[in-house]
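The structure file run-v1.cif is reproduced below (mmCIF, C-alpha atoms).
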```
data_run
#
loop_
_atom_site.label_atom_id
_atom_site.label_comp_id
_atom_site.auth_asym_id
_atom_site.auth_seq_id
_atom_site.Cartn_x
_atom_site.Cartn_y
_atom_site.Cartn_z
CA MET S 1 -14.27 -62.77 20.64
CA LYS S 2 -13.51 -60.88 17.46
CA LYS S 3 -13.37 -57.12 17.78
CA LEU S 4 -14.72 -55.12 14.85
CA ILE S 5 -12.38 -52.28 14.03
CA MET S 6 -14.42 -50.50 11.32
CA LEU S 7 -17.80 -51.64 10.11
CA THR S 8 -18.65 -49.92 6.85
CA LEU S 9 -17.28 -47.74 4.09
CA MET S 10 -18.40 -44.21 4.98
CA VAL S 11 -18.54 -41.25 2.65
CA GLY S 12 -15.28 -39.37 2.96
CA SER S 13 -13.43 -42.28 4.58
CA VAL S 14 -11.49 -43.00 1.39
CA PHE S 15 -10.00 -40.91 -1.36
CA TYR S 16 -8.21 -41.43 -4.62
CA CYS S 17 -4.67 -40.36 -5.31
CA ASN S 18 -4.43 -38.80 -8.75
CA ALA S 19 -0.71 -39.36 -9.25
CA GLN S 20 0.41 -42.02 -11.74
CA LEU S 21 -1.48 -45.20 -10.81
CA SER S 22 -4.94 -44.87 -9.27
CA TRP S 23 -4.27 -45.77 -5.66
CA LEU S 24 -7.24 -45.66 -3.29
CA LYS S 25 -6.69 -44.79 0.38
CA LEU S 26 -8.65 -47.09 2.69
CA PRO S 27 -9.22 -47.11 6.48
CA ASP S 28 -5.93 -47.11 8.38
CA TYR S 29 -4.33 -50.33 9.49
CA PRO S 30 -5.48 -50.66 13.15
CA GLY S 31 -2.26 -52.15 14.51
CA ALA S 32 -0.70 -48.70 15.05
CA GLY S 33 2.59 -47.73 13.45
CA LYS S 34 4.96 -50.67 13.13
CA LEU S 35 7.78 -51.82 10.91
CA GLY S 36 8.44 -55.41 9.91
CA VAL S 37 4.73 -56.26 9.66
CA ILE S 38 3.62 -59.00 7.27
CA GLY S 39 0.58 -59.47 5.07
CA MET S 40 -1.04 -62.42 3.32
CA ALA S 41 -4.28 -63.31 1.52
CA LEU S 42 -6.42 -66.27 2.60
CA ASN S 43 -9.93 -67.26 1.48
CA GLY S 44 -10.69 -63.92 -0.14
CA LYS S 45 -9.58 -61.80 2.81
CA GLY S 46 -6.36 -60.07 3.73
CA TYR S 47 -4.39 -60.51 6.96
CA MET S 48 -1.73 -58.27 8.47
CA GLY S 49 0.04 -58.24 11.78
CA LEU S 50 3.10 -58.66 13.98
CA GLY S 51 5.82 -55.99 13.66
CA TYR S 52 8.07 -53.80 15.79
CA SER S 53 6.56 -50.81 17.61
CA THR S 54 7.84 -47.43 18.72
CA LEU S 55 7.91 -48.84 22.27
CA GLY S 56 10.76 -51.11 21.24
CA THR S 57 8.69 -54.27 21.55
CA ALA S 58 7.59 -56.89 19.04
CA SER S 59 3.85 -57.40 18.48
CA ASN S 60 1.77 -60.58 18.24
CA GLU S 61 -1.36 -58.76 16.98
CA TRP S 62 -3.20 -60.13 13.95
CA TYR S 63 -5.93 -58.40 11.90
CA GLU S 64 -8.27 -59.39 9.09
CA TYR S 65 -9.28 -57.06 6.25
CA ASN S 66 -12.59 -57.75 4.48
CA PRO S 67 -12.66 -56.09 1.03
CA GLY S 68 -16.43 -56.49 0.81
CA THR S 69 -17.10 -54.31 3.86
CA ASN S 70 -13.84 -52.34 3.81
CA ALA S 71 -13.48 -53.33 7.46
CA TRP S 72 -10.66 -54.42 9.76
CA THR S 73 -11.29 -57.02 12.49
CA ALA S 74 -8.96 -58.00 15.32
CA MET S 75 -8.28 -61.74 15.14
CA ALA S 76 -6.63 -64.23 17.50
CA PRO S 77 -3.09 -63.00 18.25
CA LEU S 78 -0.12 -65.25 17.69
CA PRO S 79 -0.03 -67.37 20.89
CA SER S 80 3.65 -66.75 21.46
CA VAL S 81 5.95 -63.80 21.97
CA GLY S 82 5.62 -61.05 19.37
CA ARG S 83 7.97 -60.92 16.39
CA TRP S 84 8.87 -58.79 13.41
CA SER S 85 10.27 -59.28 9.92
CA PRO S 86 9.60 -63.04 9.73
CA ALA S 87 9.41 -65.07 6.55
CA PHE S 88 5.91 -66.15 5.54
CA PHE S 89 3.94 -67.96 2.82
CA THR S 90 0.51 -69.47 2.19
CA ILE S 91 -0.40 -73.01 1.17
CA GLY S 92 -4.05 -73.78 0.45
CA SER S 93 -6.21 -72.23 3.16
CA TYR S 94 -3.40 -71.80 5.69
CA GLY S 95 -0.85 -69.09 6.34
CA TYR S 96 2.61 -69.88 7.71
CA VAL S 97 4.86 -67.53 9.69
CA CYS S 98 8.49 -68.59 10.13
CA THR S 99 11.55 -67.13 11.90
CA GLY S 100 11.80 -63.42 12.79
CA ALA S 101 13.07 -61.19 15.59
CA ILE S 102 11.52 -61.42 19.04
CA ASP S 103 12.21 -59.12 21.99
CA GLY S 104 15.92 -59.43 22.71
CA SER S 105 16.45 -62.46 20.49
CA ILE S 106 15.69 -64.20 17.17
CA THR S 107 13.61 -67.32 16.56
CA ASN S 108 13.28 -70.13 14.03
CA GLU S 109 9.72 -71.08 15.07
CA THR S 110 7.03 -71.89 12.50
CA TRP S 111 3.36 -71.13 13.16
CA ARG S 112 0.35 -72.04 10.99
CA TYR S 113 -2.71 -69.79 10.93
CA ASP S 114 -6.18 -71.22 10.16
CA PRO S 115 -8.54 -68.37 9.14
CA VAL S 116 -11.66 -70.52 9.41
CA ALA S 117 -11.00 -71.56 13.00
CA ASN S 118 -9.16 -68.28 13.73
CA SER S 119 -6.45 -70.29 15.45
CA TRP S 120 -2.69 -70.81 15.43
CA THR S 121 -0.78 -74.10 15.57
CA ARG S 122 2.92 -74.53 16.31
CA MET S 123 4.69 -76.46 13.54
CA ALA S 124 8.24 -77.76 13.02
CA ASN S 125 11.03 -75.20 13.39
CA VAL S 126 12.92 -74.00 10.32
CA PRO S 127 16.30 -75.79 10.29
CA GLY S 128 19.62 -74.01 10.43
CA PRO S 129 20.45 -70.85 12.38
CA VAL S 130 17.74 -68.61 13.77
CA ARG S 131 17.27 -65.57 11.52
CA ILE S 132 15.50 -62.33 10.67
CA ASN S 133 14.80 -60.74 7.26
CA ALA S 134 14.54 -64.11 5.54
CA VAL S 135 12.47 -64.65 2.39
CA GLY S 136 9.50 -66.99 2.14
CA PHE S 137 7.20 -68.09 -0.70
CA ALA S 138 5.21 -71.16 -1.76
CA ILE S 139 5.40 -73.15 -4.98
CA GLY S 140 2.46 -75.52 -5.37
CA ASN S 141 1.90 -77.31 -2.08
CA LYS S 142 5.38 -76.68 -0.65
CA GLY S 143 6.77 -73.71 1.24
CA TYR S 144 10.29 -72.29 0.94
CA VAL S 145 12.38 -70.14 3.30
CA GLY S 146 15.94 -68.90 2.91
CA THR S 147 18.57 -66.18 3.36
CA GLY S 148 18.37 -63.69 6.27
CA TYR S 149 20.77 -62.91 9.09
CA SER S 150 21.54 -63.32 12.80
CA ALA S 151 24.55 -62.71 15.04
CA ASN S 152 26.18 -60.42 12.44
CA THR S 153 26.07 -63.21 9.87
CA THR S 154 24.09 -63.34 6.64
CA TYR S 155 22.94 -66.59 5.02
CA ASN S 156 22.16 -68.09 1.63
CA ASP S 157 20.82 -71.47 2.79
CA PHE S 158 17.39 -72.53 1.54
CA TYR S 159 14.76 -74.95 2.88
CA GLU S 160 11.59 -76.65 1.64
CA TYR S 161 8.57 -77.27 3.90
CA ASP S 162 6.09 -80.13 3.40
CA PRO S 163 2.84 -79.31 5.26
CA VAL S 164 1.60 -82.92 5.06
CA SER S 165 4.57 -84.39 6.96
CA ASP S 166 5.37 -81.14 8.80
CA MET S 167 9.00 -81.57 7.78
CA TRP S 168 11.70 -79.26 6.42
CA THR S 169 14.33 -80.37 3.90
CA GLN S 170 17.47 -78.42 3.03
CA LYS S 171 17.74 -77.54 -0.65
CA ALA S 172 20.38 -75.99 -2.91
CA SER S 173 21.65 -72.71 -1.49
CA LEU S 174 21.06 -69.42 -3.27
CA PRO S 175 24.01 -68.63 -5.58
CA GLY S 176 25.98 -65.47 -5.09
CA LEU S 177 26.70 -63.76 -1.80
CA THR S 178 24.83 -64.31 1.44
CA ARG S 179 22.21 -61.62 2.14
CA SER S 180 19.50 -60.12 4.30
CA GLY S 181 16.37 -58.15 3.41
CA ALA S 182 16.11 -59.82 0.00
CA SER S 183 13.01 -59.94 -2.22
CA GLY S 184 11.19 -63.11 -3.16
CA PHE S 185 8.01 -64.40 -4.78
CA ALA S 186 6.75 -67.36 -6.82
CA ILE S 187 5.37 -67.29 -10.36
CA GLY S 188 3.75 -70.54 -11.42
CA SER S 189 6.12 -73.45 -10.81
CA LYS S 190 9.22 -71.30 -10.19
CA GLY S 191 10.49 -69.24 -7.28
CA TYR S 192 12.44 -65.98 -7.50
CA LEU S 193 14.84 -64.44 -4.98
CA GLY S 194 17.42 -61.67 -5.05
CA MET S 195 18.55 -58.15 -4.10
CA GLY S 196 19.10 -57.25 -0.41
CA ASN S 197 22.36 -56.45 1.35
CA ASN S 198 24.85 -57.71 3.91
CA THR S 199 24.51 -57.32 7.67
CA ASN S 200 25.90 -53.80 7.93
CA SER S 201 24.52 -52.52 4.61
CA THR S 202 28.07 -52.01 3.35
CA SER S 203 27.53 -54.36 0.39
CA ASN S 204 24.29 -54.19 -1.59
CA PHE S 205 23.01 -56.44 -4.33
CA LYS S 206 20.86 -56.26 -7.46
CA ASP S 207 21.36 -59.85 -8.68
CA PHE S 208 18.23 -61.96 -9.08
CA TYR S 209 17.71 -65.74 -9.38
CA GLU S 210 15.10 -68.30 -10.40
CA TYR S 211 14.60 -71.52 -8.41
CA ASP S 212 13.27 -74.69 -10.06
CA PRO S 213 12.03 -77.16 -7.43
CA ALA S 214 11.84 -79.96 -10.03
CA THR S 215 15.63 -79.94 -10.40
CA ASP S 216 16.52 -78.21 -7.11
CA SER S 217 18.58 -75.71 -9.08
CA TRP S 218 19.05 -71.95 -9.44
CA SER S 219 19.66 -69.87 -12.56
CA GLN S 220 20.58 -66.19 -12.67
CA LYS S 221 18.08 -63.79 -14.22
CA ALA S 222 17.99 -60.11 -15.16
CA ASP S 223 19.35 -57.78 -12.48
CA PHE S 224 17.01 -55.44 -10.64
CA PRO S 225 17.15 -51.98 -12.36
CA LEU S 226 18.36 -50.07 -9.29
CA PRO S 227 21.69 -51.00 -7.69
CA TYR S 228 19.60 -52.74 -5.03
CA VAL S 229 16.49 -52.56 -2.88
CA VAL S 230 16.01 -53.84 0.68
CA VAL S 231 12.82 -55.12 2.39
CA PRO S 232 10.25 -54.09 -0.24
CA THR S 233 6.69 -55.45 -0.35
CA THR S 234 6.31 -58.13 -3.04
CA TYR S 235 3.39 -59.55 -5.01
CA ALA S 236 2.95 -62.09 -7.79
CA SER S 237 0.47 -63.02 -10.51
CA SER S 238 0.50 -65.95 -12.91
CA ASN S 239 2.88 -64.07 -15.21
CA ASP S 240 4.65 -61.37 -13.24
CA GLY S 241 6.24 -60.49 -9.92
CA TYR S 242 6.22 -57.05 -8.32
CA SER S 243 8.46 -55.15 -5.93
CA LEU S 244 6.98 -52.06 -4.26
CA GLY S 245 8.85 -49.61 -2.04
CA GLY S 246 11.66 -50.73 0.24
CA TYR S 247 14.85 -48.93 1.24
CA TYR S 248 17.58 -47.67 -1.06
CA TYR S 249 20.91 -46.63 0.51
CA GLN S 250 22.72 -44.95 -2.35
CA TYR S 251 22.20 -41.30 -1.44
CA ALA S 252 24.99 -39.76 0.63
CA GLY S 253 24.02 -38.93 4.20
CA ILE S 254 20.71 -40.83 4.06
CA THR S 255 20.86 -44.18 5.81
CA HIS S 256 17.35 -45.36 4.93
CA ASN S 257 16.02 -43.66 1.84
CA PRO S 258 12.51 -45.07 1.28
CA LEU S 259 11.23 -45.76 -2.23
CA ASN S 260 7.74 -45.37 -3.68
CA MET S 261 8.38 -47.18 -6.97
CA LEU S 262 6.47 -50.19 -8.27
CA TYR S 263 8.63 -52.46 -10.42
CA LYS S 264 7.27 -55.38 -12.42
CA TYR S 265 9.27 -58.49 -13.32
CA ASN S 266 7.99 -60.29 -16.43
CA GLN S 267 8.82 -63.97 -16.28
CA ALA S 268 8.44 -64.69 -20.01
CA ASN S 269 10.75 -61.87 -21.11
CA ASP S 270 13.06 -61.95 -18.08
CA GLU S 271 12.90 -58.18 -17.66
CA TRP S 272 12.12 -55.58 -15.01
CA MET S 273 10.07 -52.49 -15.81
CA LEU S 274 9.04 -49.47 -13.79
CA SER S 275 5.23 -49.72 -13.74
CA GLY S 276 4.49 -46.58 -11.75
CA THR S 277 4.72 -45.12 -8.30
CA PHE S 278 2.84 -45.36 -5.02
CA CYS S 279 1.31 -42.05 -3.94
CA GLY S 280 1.45 -42.63 -0.18
CA LEU S 281 4.64 -41.84 1.68
CA PRO S 282 7.47 -44.10 0.49
CA ARG S 283 8.32 -46.88 2.94
CA GLY S 284 10.00 -50.16 3.75
CA TYR S 285 9.13 -53.04 6.08
CA SER S 286 5.44 -52.67 5.15
CA GLY S 287 2.72 -55.30 4.89
CA GLY S 288 0.87 -56.16 1.72
CA PHE S 289 -1.20 -58.75 -0.11
CA SER S 290 -3.28 -59.14 -3.27
CA LEU S 291 -7.00 -59.97 -3.56
CA SER S 292 -8.87 -60.38 -6.87
CA ASN S 293 -5.90 -58.88 -8.71
CA ASP S 294 -5.95 -55.78 -6.47
CA MET S 295 -2.75 -54.83 -4.64
CA TYR S 296 -2.86 -53.67 -1.02
CA ILE S 297 -0.11 -52.07 1.07
CA GLY S 298 -0.04 -50.53 4.53
CA SER S 299 1.88 -49.71 7.69
CA GLY S 300 5.70 -49.94 7.58
CA ALA S 301 8.14 -47.12 8.19
CA GLN S 302 10.18 -44.48 6.41
CA ARG S 303 13.19 -45.52 8.49
CA ASN S 304 13.98 -48.72 10.39
CA ASP S 305 14.94 -46.88 13.60
CA ALA S 306 11.43 -47.27 15.15
CA SER S 307 11.15 -43.51 15.63
CA PRO S 308 7.50 -42.44 16.07
CA ALA S 309 7.73 -39.90 13.26
CA SER S 310 8.75 -42.57 10.74
CA MET S 311 6.05 -45.14 11.57
CA LEU S 312 3.03 -45.32 9.25
CA THR S 313 -0.54 -46.59 9.66
CA ASP S 314 -2.12 -45.76 6.29
CA PHE S 315 -3.52 -48.50 4.03
CA TRP S 316 -3.99 -48.38 0.25
CA LYS S 317 -5.37 -50.36 -2.70
CA LEU S 318 -4.33 -50.38 -6.38
CA THR S 319 -7.29 -51.75 -8.33
CA ASN S 320 -6.30 -54.46 -10.83
CA GLY S 321 -2.66 -53.88 -9.96
CA LEU S 322 -1.73 -57.44 -10.91
CA THR S 323 -3.24 -57.14 -14.39
CA LEU S 324 -1.54 -53.93 -15.51
CA ARG S 325 -0.22 -54.84 -18.93
CA ILE S 326 0.73 -51.48 -20.41
CA GLU S 327 3.10 -49.09 -18.68
CA ASN S 328 1.85 -45.55 -19.22
CA PRO S 329 4.64 -43.06 -18.55
CA GLY S 330 2.39 -40.27 -19.83
CA THR S 331 0.59 -40.33 -16.47
CA TYR S 332 3.66 -39.04 -14.63
CA SER S 333 2.59 -35.41 -14.27
CA ASP S 334 2.77 -34.24 -10.64
CA PHE S 335 4.72 -31.13 -11.70
CA ASP S 336 5.80 -29.31 -14.87
CA ILE S 337 9.21 -29.50 -16.51
CA TYR S 338 10.31 -26.82 -19.01
CA PRO S 339 11.01 -27.16 -21.85
CA ASN S 340 9.62 -30.58 -22.71
CA PRO S 341 10.98 -31.95 -25.01
CA ALA S 342 14.37 -30.57 -23.98
CA PHE S 343 17.89 -30.42 -25.43
CA GLU S 344 20.55 -29.13 -23.03
CA THR S 345 18.74 -28.22 -19.79
CA ILE S 346 15.42 -28.54 -17.99
CA SER S 347 13.92 -26.12 -15.46
CA ILE S 348 11.94 -27.13 -12.36
CA ASP S 349 10.23 -25.03 -9.70
CA ASN S 350 10.88 -26.71 -6.34
CA SER S 351 7.90 -25.04 -4.60
CA ILE S 352 4.83 -27.10 -5.49
CA ASP S 353 1.44 -26.71 -3.82
CA GLY S 354 3.07 -25.14 -0.79
CA ARG S 355 5.63 -27.95 -0.43
CA THR S 356 9.35 -27.30 -0.67
CA MET S 357 11.14 -30.08 -2.51
CA ASN S 358 14.85 -30.29 -1.73
CA GLU S 359 16.13 -33.20 -3.81
CA LEU S 360 15.86 -34.26 -7.46
CA ARG S 361 16.49 -37.74 -8.86
CA ILE S 362 16.49 -38.81 -12.51
CA TYR S 363 15.84 -42.34 -13.82
CA ASP S 364 15.84 -43.77 -17.32
CA VAL S 365 12.77 -45.38 -18.87
CA SER S 366 13.63 -48.78 -17.33
CA GLY S 367 13.69 -47.23 -13.85
CA LYS S 368 17.48 -47.28 -13.52
CA PHE S 369 18.77 -44.50 -11.25
CA LEU S 370 21.07 -42.05 -13.05
CA PHE S 371 21.86 -39.12 -10.75
CA ARG S 372 20.58 -36.82 -7.99
CA LYS S 373 20.85 -33.10 -7.32
CA ASP S 374 20.13 -30.91 -4.31
CA LEU S 375 17.58 -28.21 -5.09
CA VAL S 376 17.75 -24.55 -4.12
CA GLU S 377 14.98 -22.01 -3.70
CA ASN S 378 12.74 -21.13 -6.63
CA MET S 379 13.57 -22.25 -10.16
CA ASN S 380 16.30 -24.85 -10.69
CA ILE S 381 18.09 -25.45 -13.99
CA ILE S 382 19.34 -29.02 -14.51
CA ASP S 383 22.00 -29.92 -17.07
CA ILE S 384 20.86 -32.91 -19.14
CA SER S 385 23.34 -32.49 -22.00
CA THR S 386 25.11 -35.78 -21.25
CA LEU S 387 21.90 -37.85 -21.39
CA ALA S 388 21.09 -39.86 -24.50
CA SER S 389 17.91 -39.14 -26.43
CA GLY S 390 14.83 -40.69 -24.91
CA MET S 391 12.33 -40.50 -22.08
CA TYR S 392 13.36 -39.90 -18.44
CA PHE S 393 11.51 -39.94 -15.12
CA VAL S 394 12.10 -37.26 -12.48
CA GLU S 395 11.43 -37.53 -8.74
CA LEU S 396 11.29 -34.58 -6.38
CA ALA S 397 11.58 -35.38 -2.66
CA SER S 398 10.89 -33.18 0.36
CA SER S 399 12.56 -33.35 3.75
CA LYS S 400 9.29 -34.89 5.05
CA GLY S 401 9.59 -37.84 2.66
CA GLU S 402 6.97 -36.67 0.16
CA VAL S 403 7.77 -37.78 -3.40
CA LEU S 404 6.38 -36.26 -6.62
CA ASP S 405 6.96 -37.59 -10.13
CA SER S 406 7.09 -36.27 -13.66
CA ARG S 407 8.84 -37.02 -16.95
CA PHE S 408 10.54 -35.35 -19.89
CA ILE S 409 11.82 -36.19 -23.36
CA LYS S 410 15.48 -35.54 -24.22
CA GLU S 411 15.92 -34.84 -27.94
#
```

Can you dump the structure from the file as structure tokens?
Amino acid sequence: MKKLIMLTLMVGSVFYCNAQLSWLKLPDYPGAGKLGVIGMALNGKGYMGLGYSTLGTASNEWYEYNPGTNAWTAMAPLPSVGRWSPAFFTIGSYGYVCTGAIDGSITNETWRYDPVANSWTRMANVPGPVRINAVGFAIGNKGYVGTGYSANTTYNDFYEYDPVSDMWTQKASLPGLTRSGASGFAIGSKGYLGMGNNTNSTSNFKDFYEYDPATDSWSQKADFPLPYVVVPTTYASSNDGYSLGGYYYQYAGITHNPLNMLYKYNQANDEWMLSGTFCGLPRGYSGGFSLSNDMYIGSGAQRNDASPASMLTDFWKLTNGLTLRIENPGTYSDFDIYPNPAFETISIDNSIDGRTMNELRIYDVSGKFLFRKDLVENMNIIDISTLASGMYFVELASSKGEVLDSRFIKE
């Protein structure tokens, strides 16, 4: 029997975040704090589940989100051992979950979820080695899974799934180096895959590729603006793909620096743009989906060490997130920068609304990371004399993972 988690939208149960994009906080994801959860949209509703818990075990839980009632409902769990960070895609009215880590091992199983019958069916295994952190997406009526890692080995092999015959066929491998934790989505008749890193995070990638199933071929596209991103949440519309959050390893002494940035990839122009930021805590390994052009994101973790303090349960919506056509950098105003416009230096107070911010990061207008600086008490003066004229974005981060954003003009 289905278990209703939350019935109605109550006054005070949601609130808007006034930073950058208008994110709306919704009732928490009921699956408790987990990393490596997945999310998908089916028949006008969202589904999230699976994941790795603070108890060190993989979950088989599965939940439905109804946007009409703003309610979560517990659905039939995956009738197998729990798993986290699998590949997944949707075809028609069905959702497919493939590969992933299970307790003490890794699997290449494929399961199909039917939201009407609220039931799971075991399908043909993904060929090749078992793997975790693979990428999945669907183009038309076919599913695709590739990359990932197992046994200290990363992969670039790529497979096509036919749901009619329940058969997998190996396709052309992803060009470039093998990788794990990559990003992928489909726009129209093409698939896109890139970024990620190697098994030990010692090599990281920003390259990005387009897959054409008609010719079974790959072509390289514009690099991701940051040096790389690992395990973000991805979305796609008929024109654009999106990468939200994920981990970024560049900062010294921080093994899993979580991001809160929303990047948009425009297929027609082959370009990435920073569209805004997410006002919840930055995270990776989160679940997400899109419904009626709205973006949803929830759960995940600030680190992938399964520590209780890093696990998140909050759940958010960005209304019309898939139809944002105009980037509006003028909305980046969480804190003041003096002077603005500036010439040689800018000044920033690192104590904001009772929060002490201890790190500053500067990005150019495309979202490319430029440099970071540790902050000291009270007012900080930052040398910007070497920057070219133009607009720049500034992030301030606290030791708790809070991130605030602003901007300035260099003249």

**Message:** For the provided coordinates, the residues matched by the PyMOL selection byres ((chain S and resi 189) around 10) should be stated as a VMD selection string.
**Reply:** chain S and resid 138 to 140 186 to 188 190 to 191 211 to 214 238

**Request:** Would you be able to write out as a list in words which residues have an atom within 6 Å of (12.5, -50.3, -1.5) in the file's coordinates, counting only C-alpha atoms?
**Result:** Val229, Val230, Pro232, Gly245, Gly246, Tyr247, Tyr248, Pro258, Leu259 and Gly284 of chain S

**Request:** Return the single residue from S:Ile384, S:Val376, S:Val231, S:Val37 that is closest to Gly287 of chain S, with distances computed using only C-alpha atoms.
**Result:**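 That would be S:Val37, the residue with the smallest distance to Gly287 of chain S.
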
**Item:** Non-local contacts of segment 162-172 of chain S (7 Å; all atoms listed in the file; under 5 positions in same chain excluded) as a ChimeraX atom specification
**Value:** /S:123-124,126-127,142-143,216-217

**Message:** With only C-alpha atoms as the counted atoms, please give the residues lying no more than 10 Å from Asp270 of chain S, apart from itself and same-chain residues fewer than 6 positions off, as a ChimeraX atom specification.
**Reply:** /S:221-223,240

**Request:** Could you please determine the separation between atom CA of Pro225 of chain S and atom CA of Leu274 of chain S in Å, to one decimal place?
**Result:**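 Interatomic distance here is 8.6 Å.
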
**Request:** Pull out every residue that the PyMOL selection byres ((chain S and resi 43) around 8) matches in the shown coordinates and put them as a VMD selection string.
**Result:** chain S and resid 41 to 42 44 to 45 93 115

**Request:** Name the residues that the PyMOL selection byres ((chain S and resi 342-354) around 8) picks from the file above, as a count of residues only, using the file's chain letters and numbers.
**Result:** 27

**Request:** May I ask for the distance between atom CA of Asn133 of chain S and atom CA of Gly36 of chain S, given in Å to one decimal place?
**Result:**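 About the pair atom CA of Asn133 of chain S and atom CA of Gly36 of chain S: they are 8.7 Å apart.
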
**Request:** List every protein, DNA or RNA residue that has at least one atom no more than 10 Å from (17.3, -60.5, 7.0) in the file's coordinates, counting only C-alpha atoms, and write the result as a PyMOL selection string.
**Result:** chain S and resi 85-87+100-101+131-135+146-150+153-155+179-182+196-199+230-231

**Request:** Give me the residues within 7 Å of Leu226 of chain S as a VMD selection string, counting all atoms listed in the file and dropping any in the same chain fewer than 3 places off.
**Result:** chain S and resid 206 368 to 369

**Asked** Taking all atoms listed in the file into account, which of S:Ser183, S:Gln302, S:Asn66, S:Ser333 comes nearest Ser243 of chain S?
**Response**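 With all atoms listed in the file as the atom set, the closest residue is S:Ser183.
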
**Item:** Residue among S:Phe315, S:Phe393, S:Phe185, S:Tyr161 lying closest to Gly280 of chain S, counting only C-alpha atoms
**Value:**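 Once distances to Gly280 of chain S are computed over only C-alpha atoms, the minimum belongs to S:Phe315.
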
**Request:** Just give me the gap between atom CA of Ala76 of chain S and atom CA of Ala58 of chain S in Å, one decimal is fine.
**Result:**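 Distance between the two atoms: 16.1 Å.
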